[in-house]
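Coordinates as given in input.cif (mmCIF, C-alpha atoms):
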data_data
loop_
_atom_site.label_atom_id
_atom_site.label_comp_id
_atom_site.auth_asym_id
_atom_site.auth_seq_id
_atom_site.Cartn_x
_atom_site.Cartn_y
_atom_site.Cartn_z
CA MET A 1 -29.30 -30.69 -12.42
CA SER A 2 -29.57 -27.03 -13.44
CA ARG A 3 -29.47 -24.45 -10.69
CA ILE A 4 -31.72 -21.45 -11.31
CA SER A 5 -31.22 -19.49 -8.08
CA GLY A 6 -29.00 -16.44 -7.80
CA ARG A 7 -26.62 -18.23 -5.45
CA PRO A 8 -23.64 -20.01 -7.03
CA ASP A 9 -22.26 -23.43 -6.27
CA ILE A 10 -18.84 -22.98 -4.64
CA SER A 11 -16.05 -25.54 -4.96
CA THR A 12 -12.31 -25.77 -4.53
CA GLN A 13 -10.25 -26.86 -7.53
CA HIS A 14 -6.58 -27.86 -7.62
CA ALA A 15 -4.62 -27.41 -10.85
CA TYR A 16 -0.96 -26.90 -11.71
CA GLY A 17 -0.07 -26.64 -8.02
CA LEU A 18 -2.67 -23.92 -7.36
CA THR A 19 -5.74 -24.07 -5.10
CA LEU A 20 -8.61 -21.98 -6.41
CA ARG A 21 -12.11 -21.14 -5.21
CA VAL A 22 -14.61 -21.50 -8.08
CA ALA A 23 -18.21 -20.27 -8.30
CA ARG A 24 -20.73 -21.67 -10.79
CA TRP A 25 -24.17 -20.22 -11.52
CA ARG A 26 -26.90 -22.35 -13.16
CA VAL A 27 -24.86 -25.56 -13.26
CA GLY A 28 -26.04 -27.81 -16.05
CA ALA A 29 -27.93 -25.14 -18.00
CA GLY A 30 -28.03 -25.67 -21.75
CA GLY A 31 -25.91 -23.88 -24.31
CA THR A 32 -22.27 -22.85 -24.20
CA PRO A 33 -20.98 -22.07 -20.68
CA LEU A 34 -19.46 -18.66 -20.00
CA LEU A 35 -16.14 -18.30 -18.18
CA PHE A 36 -15.69 -14.86 -16.58
CA LEU A 37 -12.20 -13.64 -15.67
CA ASN A 38 -12.12 -10.80 -13.16
CA GLY A 39 -9.92 -7.75 -12.69
CA ILE A 40 -6.79 -7.69 -10.57
CA GLY A 41 -7.54 -8.13 -6.88
CA ALA A 42 -11.28 -8.59 -7.46
CA ASP A 43 -13.07 -11.65 -6.09
CA ILE A 44 -16.19 -13.70 -6.77
CA ALA A 45 -18.34 -11.41 -4.62
CA ALA A 46 -17.46 -8.40 -6.78
CA ALA A 47 -18.50 -10.24 -9.93
CA ALA A 48 -21.65 -11.83 -8.50
CA PRO A 49 -24.12 -8.98 -9.28
CA LEU A 50 -23.14 -9.17 -12.94
CA LEU A 51 -22.86 -12.94 -13.31
CA ALA A 52 -26.14 -13.68 -11.52
CA GLN A 53 -27.94 -11.71 -14.24
CA LEU A 54 -26.48 -13.65 -17.18
CA HIS A 55 -29.46 -15.96 -17.50
CA GLY A 56 -29.97 -18.96 -19.74
CA ARG A 57 -26.47 -20.42 -19.45
CA GLU A 58 -23.98 -21.71 -16.92
CA VAL A 59 -21.59 -18.97 -15.84
CA TRP A 60 -18.51 -19.56 -13.75
CA THR A 61 -15.59 -17.64 -12.37
CA LEU A 62 -12.79 -18.09 -9.86
CA ASP A 63 -10.69 -16.23 -7.33
CA MET A 64 -7.12 -15.90 -8.56
CA PRO A 65 -4.34 -17.03 -6.19
CA GLY A 66 -4.23 -14.79 -3.14
CA VAL A 67 -7.65 -13.28 -3.88
CA GLY A 68 -10.87 -13.88 -1.93
CA GLY A 69 -11.10 -17.55 -1.02
CA SER A 70 -8.01 -18.72 -2.93
CA PRO A 71 -4.76 -19.01 -0.96
CA ASP A 72 -1.55 -17.43 -2.16
CA ALA A 73 0.42 -19.27 -4.81
CA LEU A 74 3.71 -20.74 -3.60
CA LEU A 75 5.52 -19.45 -6.69
CA PRO A 76 4.88 -16.77 -9.31
CA TYR A 77 2.91 -17.81 -12.39
CA GLY A 78 2.60 -16.44 -15.91
CA ALA A 79 -0.36 -15.71 -18.16
CA PRO A 80 0.08 -18.93 -20.22
CA THR A 81 0.03 -21.01 -17.03
CA MET A 82 -3.13 -19.36 -15.74
CA ALA A 83 -4.79 -19.79 -19.14
CA ALA A 84 -3.97 -23.49 -18.96
CA VAL A 85 -5.33 -23.64 -15.39
CA VAL A 86 -8.76 -22.22 -16.26
CA MET A 87 -9.11 -24.45 -19.30
CA GLU A 88 -8.10 -27.48 -17.27
CA ILE A 89 -10.91 -26.64 -14.85
CA ALA A 90 -13.32 -26.21 -17.78
CA GLU A 91 -12.28 -29.67 -19.00
CA ARG A 92 -13.09 -31.14 -15.57
CA PHE A 93 -16.53 -29.55 -15.77
CA GLY A 94 -17.06 -31.32 -19.10
CA GLN A 95 -16.85 -28.05 -21.04
CA LYS A 96 -15.06 -28.76 -24.31
CA GLN A 97 -15.95 -25.31 -25.59
CA VAL A 98 -16.67 -22.10 -23.66
CA ASP A 99 -17.47 -18.48 -24.20
CA VAL A 100 -14.98 -16.27 -22.37
CA ALA A 101 -15.51 -12.80 -20.89
CA GLY A 102 -12.79 -10.82 -19.17
CA PHE A 103 -12.69 -7.53 -17.32
CA SER A 104 -9.54 -5.35 -17.08
CA TRP A 105 -6.67 -7.67 -15.98
CA GLY A 106 -9.03 -10.55 -16.69
CA GLY A 107 -9.62 -9.15 -20.18
CA ALA A 108 -5.93 -9.54 -20.91
CA LEU A 109 -6.06 -13.10 -19.58
CA ALA A 110 -9.18 -13.76 -21.70
CA GLN A 111 -7.17 -12.75 -24.78
CA GLN A 112 -4.42 -15.15 -23.71
CA VAL A 113 -6.97 -17.97 -23.33
CA ALA A 114 -8.41 -17.33 -26.80
CA ILE A 115 -4.94 -17.17 -28.36
CA GLN A 116 -3.70 -20.27 -26.54
CA PHE A 117 -6.88 -22.36 -26.97
CA PRO A 118 -8.58 -20.98 -30.11
CA GLY A 119 -10.48 -24.18 -30.84
CA ARG A 120 -12.11 -24.16 -27.41
CA VAL A 121 -13.34 -20.55 -27.35
CA ARG A 122 -16.61 -19.92 -29.18
CA ARG A 123 -17.03 -16.18 -28.47
CA LEU A 124 -15.01 -13.57 -26.62
CA VAL A 125 -16.16 -10.53 -24.61
CA LEU A 126 -13.48 -8.03 -23.55
CA MET A 127 -14.31 -5.25 -21.09
CA ALA A 128 -12.22 -2.26 -20.00
CA THR A 129 -9.04 -3.96 -21.12
CA THR A 130 -5.94 -3.52 -23.26
CA PRO A 131 -3.74 -5.38 -25.76
CA THR A 132 -0.59 -4.35 -23.91
CA VAL A 133 -0.16 -4.22 -20.12
CA THR A 134 2.15 -1.39 -19.16
CA ALA A 135 0.50 -0.14 -15.95
CA PRO A 136 1.35 -2.39 -12.99
CA GLY A 137 -0.71 -0.21 -10.65
CA ILE A 138 -3.93 -0.69 -12.59
CA GLY A 139 -5.65 -2.51 -9.74
CA TRP A 140 -4.96 0.25 -7.26
CA ALA A 141 -5.86 2.94 -9.79
CA ALA A 142 -9.34 1.42 -9.92
CA LEU A 143 -9.76 2.41 -6.27
CA LEU A 144 -10.22 5.99 -7.50
CA ASP A 145 -12.80 5.01 -10.12
CA ASP A 146 -15.76 7.42 -10.06
CA ASP A 147 -18.41 4.71 -10.25
CA MET A 148 -16.77 2.60 -7.59
CA LEU A 149 -16.56 5.49 -5.15
CA ALA A 150 -20.22 6.28 -5.75
CA SER A 151 -21.36 2.65 -5.44
CA GLY A 152 -19.37 1.71 -2.35
CA LEU A 153 -17.77 -1.34 -4.00
CA LYS A 154 -14.61 -2.42 -2.18
CA LEU A 155 -11.67 -3.52 -4.29
CA PRO A 156 -9.25 -5.16 -4.22
CA THR A 157 -9.60 -8.11 -1.83
CA ALA A 158 -6.18 -9.64 -2.54
CA THR A 159 -3.27 -10.28 -0.24
CA PRO A 160 -0.10 -8.28 -0.95
CA LEU A 161 1.52 -11.41 -2.41
CA GLY A 162 -1.58 -12.15 -4.47
CA LEU A 163 -1.51 -8.67 -5.98
CA ALA A 164 2.22 -8.91 -6.60
CA TYR A 165 1.89 -12.23 -8.43
CA GLN A 166 -1.06 -11.02 -10.50
CA THR A 167 0.93 -7.94 -11.48
CA MET A 168 3.99 -10.03 -12.35
CA ALA A 169 1.90 -12.46 -14.42
CA MET A 170 0.98 -9.68 -16.86
CA ALA A 171 4.04 -7.42 -16.58
CA GLY A 172 5.09 -6.58 -20.13
CA TRP A 173 2.40 -8.87 -21.58
CA THR A 174 1.08 -8.08 -25.04
CA SER A 175 -1.29 -9.75 -27.47
CA VAL A 176 -0.65 -7.40 -30.39
CA ALA A 177 1.16 -9.89 -32.62
CA MET A 178 -1.39 -12.65 -32.01
CA LEU A 179 -4.76 -10.85 -32.04
CA PRO A 180 -5.15 -11.01 -35.85
CA GLN A 181 -5.37 -14.80 -35.47
CA LEU A 182 -8.68 -14.40 -33.62
CA LYS A 183 -10.56 -13.34 -36.77
CA THR A 184 -12.55 -16.60 -36.70
CA ILE A 185 -13.85 -15.93 -33.16
CA PRO A 186 -16.65 -13.33 -32.77
CA VAL A 187 -15.37 -10.63 -30.38
CA LEU A 188 -17.31 -7.95 -28.50
CA ILE A 189 -15.29 -5.15 -26.87
CA LEU A 190 -16.97 -2.93 -24.26
CA MET A 191 -15.19 0.17 -22.96
CA GLY A 192 -16.35 2.78 -20.45
CA GLU A 193 -16.84 6.29 -21.81
CA ARG A 194 -15.36 7.83 -18.65
CA ASP A 195 -12.72 5.19 -17.92
CA GLY A 196 -9.59 6.93 -16.68
CA VAL A 197 -7.81 3.66 -15.93
CA VAL A 198 -8.07 2.00 -19.35
CA PRO A 199 -9.40 4.60 -21.81
CA ALA A 200 -11.52 3.55 -24.76
CA CYS A 201 -8.59 3.95 -27.16
CA HIS A 202 -7.22 0.66 -25.78
CA GLY A 203 -10.38 -1.08 -26.95
CA GLN A 204 -10.03 0.57 -30.34
CA ALA A 205 -6.50 -0.81 -30.58
CA ILE A 206 -7.86 -4.33 -30.01
CA ALA A 207 -10.66 -3.83 -32.53
CA ASP A 208 -8.19 -2.61 -35.14
CA LEU A 209 -6.27 -5.90 -34.85
CA ILE A 210 -9.22 -8.34 -35.07
CA ASP A 211 -11.25 -8.47 -38.27
CA GLY A 212 -14.94 -8.21 -37.47
CA ALA A 213 -14.54 -7.28 -33.79
CA VAL A 214 -17.36 -5.06 -32.47
CA LEU A 215 -16.37 -2.12 -30.25
CA GLU A 216 -18.94 -0.31 -28.13
CA VAL A 217 -18.28 2.57 -25.75
CA VAL A 218 -20.81 2.34 -22.91
CA PRO A 219 -21.82 4.61 -20.00
CA GLY A 220 -19.67 4.47 -16.88
CA SER A 221 -16.05 4.51 -15.86
CA HIS A 222 -13.66 1.63 -15.26
CA LEU A 223 -15.95 -0.55 -13.17
CA PHE A 224 -18.96 -0.26 -15.48
CA PRO A 225 -19.52 -4.08 -15.62
CA PHE A 226 -20.29 -3.99 -11.90
CA THR A 227 -21.88 -0.57 -11.46
CA HIS A 228 -24.07 -0.98 -14.58
CA ALA A 229 -24.49 -4.73 -14.15
CA ALA A 230 -28.03 -5.11 -15.54
CA ASP A 231 -27.28 -3.26 -18.78
CA ILE A 232 -23.94 -5.02 -19.32
CA ALA A 233 -25.42 -8.44 -18.57
CA ALA A 234 -28.15 -7.78 -21.16
CA ARG A 235 -25.59 -6.70 -23.78
CA ILE A 236 -23.36 -9.72 -23.16
CA SER A 237 -26.34 -12.09 -23.31
CA ALA A 238 -27.53 -10.55 -26.57
CA PHE A 239 -24.09 -11.03 -28.12
CA LEU A 240 -23.73 -14.62 -26.92
CA ASP A 241 -27.25 -15.49 -28.11
CA GLN A 242 -26.84 -14.08 -31.62
CA PRO A 243 -26.87 -16.58 -34.50
CA ALA A 244 -23.32 -17.35 -35.62
CA GLU A 245 -23.59 -15.42 -38.88
CA GLN A 246 -24.72 -12.25 -37.07
CA ALA A 247 -22.09 -12.47 -34.33
CA ALA A 248 -19.38 -12.82 -36.95
CA ALA A 249 -20.73 -9.99 -39.12
#

Reformat the file's structure so that it appears as structure tokens.
Amino acid sequence: MSRISGRPDISTQHAYGLTLRVARWRVGAGGTPLLFLNGIGADIAAAAPLLAQLHGREVWTLDMPGVGGSPDALLPYGAPTMAAVVMEIAERFGQKQVDVAGFSWGGALAQQVAIQFPGRVRRLVLMATTPTVTAPGIGWAALLDDDMLASGLKLPTATPLGLAYQTMAMAGWTSVAMLPQLKTIPVLILMGERDGVVPACHGQAIADLIDGAVLEVVPGSHLFPFTHAADIAARISAFLDQPAEQAAA
């Protein structure tokens, strides 16, 4: 049965030795489901204002280990493992193919998912992210984000171990050599015009590596998906709803 309220269904999923809290909006809605991967230290509550406005499809996300309602991982994990975890959960939900959106740290993980499971990703939305992670303090730098300070959003919500493991998972990670392989997947890249954490040039670097990728610089600083949630939800929905030939143009 499809859920049409703004409140998500919450469940606990176990995969690859990890216990993860998962939130699903509009369960059973038609079309391709959207998997959203959040920034470092950010939980389901931070993403909710954005995800609740992505109408017409199921949208789901999860708290990474040590974040929000997910307990700490017993051991460190890498980006390929976490990509396998989220796609294992998608498989359990009966989702053979998904659209994937990722913000900041989650944008790097979204690239990993698309590279690792290209046949299962229909479209890809990357926000405020980079093809090469070289700034381990990116989550804490977001605390000084202009929009976040003005909005009162509180990030991160992770335990010290959770933040450490998230940082380790992406330390030295890069997608540069593999991004050209994503030319068959329509890609939308959104970057904040005042983002001092991940400047728009990082999005340009991604766009330069993927034939046909669309780059847009939007109002706001690093946390624009949350502080400009209505506008960003509308732009993501428009991209996901485009006919295949237009999205790939």

Output of the PyMOL selection byres ((chain A and resi 21-28) around 9), listed as a PyMOL selection string = chain A and resi 1-13+19-20+29-30+33+44+51-52+54-65+68-71

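We find atom CA of A:Ala164 and atom CA of A:Met87 to be spaced 23.0 Å apart.
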
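When all atoms listed in the file are used to compute distances to A:Gln112, the closest of the residues A:Val98, A:Ala128, A:Ala45, A:Met82 turns out to be A:Met82.
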
ask   = Can you tell me how far atom CA of A:Arg235 sits from atom CA of A:Leu126, in Å to one decimal?
value =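 Separating atom CA of A:Arg235 from atom CA of A:Leu126 is a distance of 12.2 Å.
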
message = Applying the PyMOL selection byres ((chain A and resi 209) around 6) to the file I just gave you, which residues come out? Please list them as a ChimeraX atom specification.
response = /A:179-180,206-208,210

Might you spell out which residues the PyMOL selection byres ((chain A and resi 213) around 9) would select in the displayed file, as a PDB file with C-alpha atoms, keeping the file's coordinate frame?
ATOM      1  CA  LYS A 183     -10.560 -13.340 -36.770  1.00  0.00           C
ATOM      2  CA  ILE A 185     -13.850 -15.930 -33.160  1.00  0.00           C
ATOM      3  CA  PRO A 186     -16.650 -13.330 -32.770  1.00  0.00           C
ATOM      4  CA  VAL A 187     -15.370 -10.630 -30.380  1.00  0.00           C
ATOM      5  CA  LEU A 188     -17.310  -7.950 -28.500  1.00  0.00           C
ATOM      6  CA  ILE A 189     -15.290  -5.150 -26.870  1.00  0.00           C
ATOM      7  CA  ILE A 206      -7.860  -4.330 -30.010  1.00  0.00           C
ATOM      8  CA  ALA A 207     -10.660  -3.830 -32.530  1.00  0.00           C
ATOM      9  CA  ASP A 208      -8.190  -2.610 -35.140  1.00  0.00           C
ATOM     10  CA  LEU A 209      -6.270  -5.900 -34.850  1.00  0.00           C
ATOM     11  CA  ILE A 210      -9.220  -8.340 -35.070  1.00  0.00           C
ATOM     12  CA  ASP A 211     -11.250  -8.470 -38.270  1.00  0.00           C
ATOM     13  CA  GLY A 212     -14.940  -8.210 -37.470  1.00  0.00           C
ATOM     14  CA  VAL A 214     -17.360  -5.060 -32.470  1.00  0.00           C
ATOM     15  CA  LEU A 215     -16.370  -2.120 -30.250  1.00  0.00           C
ATOM     16  CA  ALA A 248     -19.380 -12.820 -36.950  1.00  0.00           C
ATOM     17  CA  ALA A 249     -20.730  -9.990 -39.120  1.00  0.00           C
TER      18      ALA A 249
END

ask   = Once you count only C-alpha atoms, which residues end up no further than 8 Å from (-19.5, -4.7, -19.2) in the file's frame, shown as a list in words?
value =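 The answer, in the requested form, is Phe103, Met127, Ala128, Leu190, Met191, Phe224, Pro225, Phe226, His228, Ala229, Asp231, Ile232, Ala233, Arg235 and Ile236 of chain A.
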
inquiry  = as a ChimeraX atom specification, please: the residues near A:Gly220 (cut-off 9 Å, only C-alpha atoms, same-chain neighbours under 2 positions excluded).
reply    = /A:146-147,191-195,218,222-225,227-228
